[in-house]
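Below is one structure, written out as structure tokens; comments come after it.
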Amino acid sequence: MSGTRGAAPVALVTRPGLIGGWVLRLGPLSIRLDPRLLFVGTLLLLAVVVVGTVTLLTGTIELSVGEVVAAVFGHGDDRTLRTVQGRRLPRLLTALLVGGSLGVAGSVFQSLSRNALGSPDIIGFTTGAATGAVVQIVLFDGGVVQVAMSAIAGGVLTALVVYTLARKDGITGGMRLVLVGIGVGAILAAVTSFLIVRADINDAETVQRWEAGSLIGRGWPHAVSVAVAVAVLLPAIMVCARRITYVEMGDESAHALGIPVETYRFAVLVIAVALTGVAVAATGPIAFIALAAPQIVRRITRRGGVIVIPSFLMGAALLACADLITQRIDFGMPAPVGLVTSVIGGVYLIWLLARRA
């Protein structure tokens, strides 16, 4: 789906699009609807609803659908309200929003780099956010808010460094962006390890828990902070998505269409990094969601470019499903969701590289 502006009919109409799908027009605004994207998006939305429903209904305390619905709207006994509104619902919403944010960010980075490995956790932006948080924990003994802000700042600073180093002859992107990002990420990982070695035992333990990527104990402040970021940043990416998709054809082709390539590339890079930083700040670095979600969506929809809504829903479904696994399978200890995504994502990465070898 993509938004365009055109002439100003006075009524809401639908008609076949020139390049497939239908055009839905309302006044001066028009949106092209792709049937395949609509179908995939509907299936992914159903998957999110199913996983979310199972998460809210099951657990140490089994609840009925009626009890959960009533508790969501503030009705029911104290135990049910504490279970749903105090624990399960904010944790589920945090998982959905963080997973969705990583899915969209991965779609943007893979489009900008024109590489399936161009996700924020592979090319160093997630590592930069983690390093920012570790600096705050170890050197400044910061609280939750300070750690979150440092994670966002670390991600943005890393993006600026990678963008600057990858720029050559006024052009940034492609494999150079991936390689520079991997190098910067390796340096930052070493810095993080050095800080952990120097930290006292309590700070080192805090850093290790945070770096594992976890949804344990996530409540309404985490869900609201990511929701606000998604509400602001996602529409901005949707506005730029179509032009960034054209950039995949090549800078010269995009210039020929009148698109200021570097301006859009830099703007979308900053927006996607901010989205990644907010997600990492809420849960810690969670691996492979940003790598796998957009690639799966591309294969299902058979489309390239930045596919915003399906990537968001796929990332949300994957992380919510991984969190459900950590809650329902007994690992002998509270398992961080990053552990599950790393195991599943590692298998996926091996399969992806084997197919391309």
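Chains: A, B, ... in order of the structure tokens. Residues: from 1 per chain. Ligands: from 1, in order shown.
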
From a DSSP pass on the backbone, collect the residues of region 94-165 of chain A flagged as helix (DSSP H, G or I) and hand them back as a PyMOL selection string. chain A and resi 94-113+125-139+144-165

Select, from A:Gly100, A:Gly132, A:Gly155, A:Gly59, the residue with the minimum atom-to-atom distance to Ala274 (chain A), counting only C-alpha atoms.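 The shortest atom-to-atom distance to Ala274 (chain A) comes from A:Gly155.
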
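Here the question is which of A:Thr127, A:Thr326, A:Ser150, A:Gln136 gets nearest to Ala186 (chain A) using only C-alpha atoms, and that residue is A:Thr127.
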
Neighbouring residues of Leu319 (chain A) were defined as those with any atom within 7 Å, considering only C-alpha atoms; residues of the same chain fewer than 4 positions away were excluded. Please report them as a PyMOL selection string. chain A and resi 95-96+99+315+323

In Å, rounded to a single decimal, give me how far CA of Gly124 (chain A) is from CA of Ala267 (chain A). 18.2 Å

List the spatial neighbours of Leu234 (chain A) as a count of residues only - criterion: any atom at most 12 Å away, only C-alpha atoms, same-chain residues fewer than 6 positions off excluded. 26

One number please: CA of Arg176 (chain A) to CA of Ala293 (chain A), in Å, one decimal. 22.8 Å

Could I get the residues of region 54-163 of chain A with an atom no further than 12 Å from an atom of region 244-248 of chain A, each paired with its nearest atom pair and that distance in Å to one decimal, using only C-alpha atoms, sorted by chain and residue number, as JSON lines?
{"residue": "A:Ser107", "atom": "CA", "partner": "A:Thr245", "partner_atom": "CA", "distance": 10.5}
{"residue": "A:Val108", "atom": "CA", "partner": "A:Ile244", "partner_atom": "CA", "distance": 8.3}
{"residue": "A:Phe109", "atom": "CA", "partner": "A:Ile244", "partner_atom": "CA", "distance": 10.4}
{"residue": "A:Gln110", "atom": "CA", "partner": "A:Glu248", "partner_atom": "CA", "distance": 9.7}
{"residue": "A:Ser111", "atom": "CA", "partner": "A:Glu248", "partner_atom": "CA", "distance": 6.4}
{"residue": "A:Leu112", "atom": "CA", "partner": "A:Glu248", "partner_atom": "CA", "distance": 7.1}
{"residue": "A:Ser113", "atom": "CA", "partner": "A:Glu248", "partner_atom": "CA", "distance": 8.5}
{"residue": "A:Arg114", "atom": "CA", "partner": "A:Glu248", "partner_atom": "CA", "distance": 6.4}
{"residue": "A:Asn115", "atom": "CA", "partner": "A:Glu248", "partner_atom": "CA", "distance": 10.1}

Preceding selection exported with N, CA, C and O atoms as a compact mmCIF listing (two decimals), in the first residue's frame:
# COMPACT_ATOMS: atom_id res chain seq x y z
N SER A 107 13.33 -3.64 7.75
CA SER A 107 12.91 -3.45 6.36
C SER A 107 13.57 -2.22 5.75
O SER A 107 14.02 -2.24 4.60
N VAL A 108 13.67 -1.15 6.54
CA VAL A 108 14.30 0.09 6.04
C VAL A 108 15.79 -0.14 5.77
O VAL A 108 16.30 0.21 4.70
N PHE A 109 16.50 -0.75 6.74
CA PHE A 109 17.94 -0.94 6.57
C PHE A 109 18.24 -1.89 5.42
O PHE A 109 19.22 -1.70 4.68
N GLN A 110 17.45 -2.94 5.25
CA GLN A 110 17.70 -3.86 4.15
C GLN A 110 17.43 -3.20 2.81
O GLN A 110 18.09 -3.51 1.81
N SER A 111 16.47 -2.28 2.77
CA SER A 111 16.22 -1.56 1.53
C SER A 111 17.34 -0.57 1.24
O SER A 111 17.82 -0.47 0.10
N LEU A 112 17.80 0.16 2.27
CA LEU A 112 18.87 1.14 2.08
C LEU A 112 20.17 0.48 1.65
O LEU A 112 20.90 0.99 0.80
N SER A 113 20.49 -0.67 2.27
CA SER A 113 21.75 -1.35 1.96
C SER A 113 21.62 -2.30 0.79
O SER A 113 22.64 -2.83 0.31
N ARG A 114 20.37 -2.54 0.34
CA ARG A 114 20.09 -3.51 -0.73
C ARG A 114 20.74 -4.85 -0.42
O ARG A 114 21.33 -5.51 -1.28
N ASN A 115 20.63 -5.25 0.84
CA ASN A 115 21.27 -6.48 1.29
C ASN A 115 20.40 -7.12 2.36
O ASN A 115 19.92 -6.44 3.27

Using only C-alpha atoms, which residue out of A:Ala316, A:Val278, A:Val138, A:Leu215 lies closest to Asp200 (chain A)?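 Using only C-alpha atoms, Asp200 (chain A) sits closest to A:Val138.
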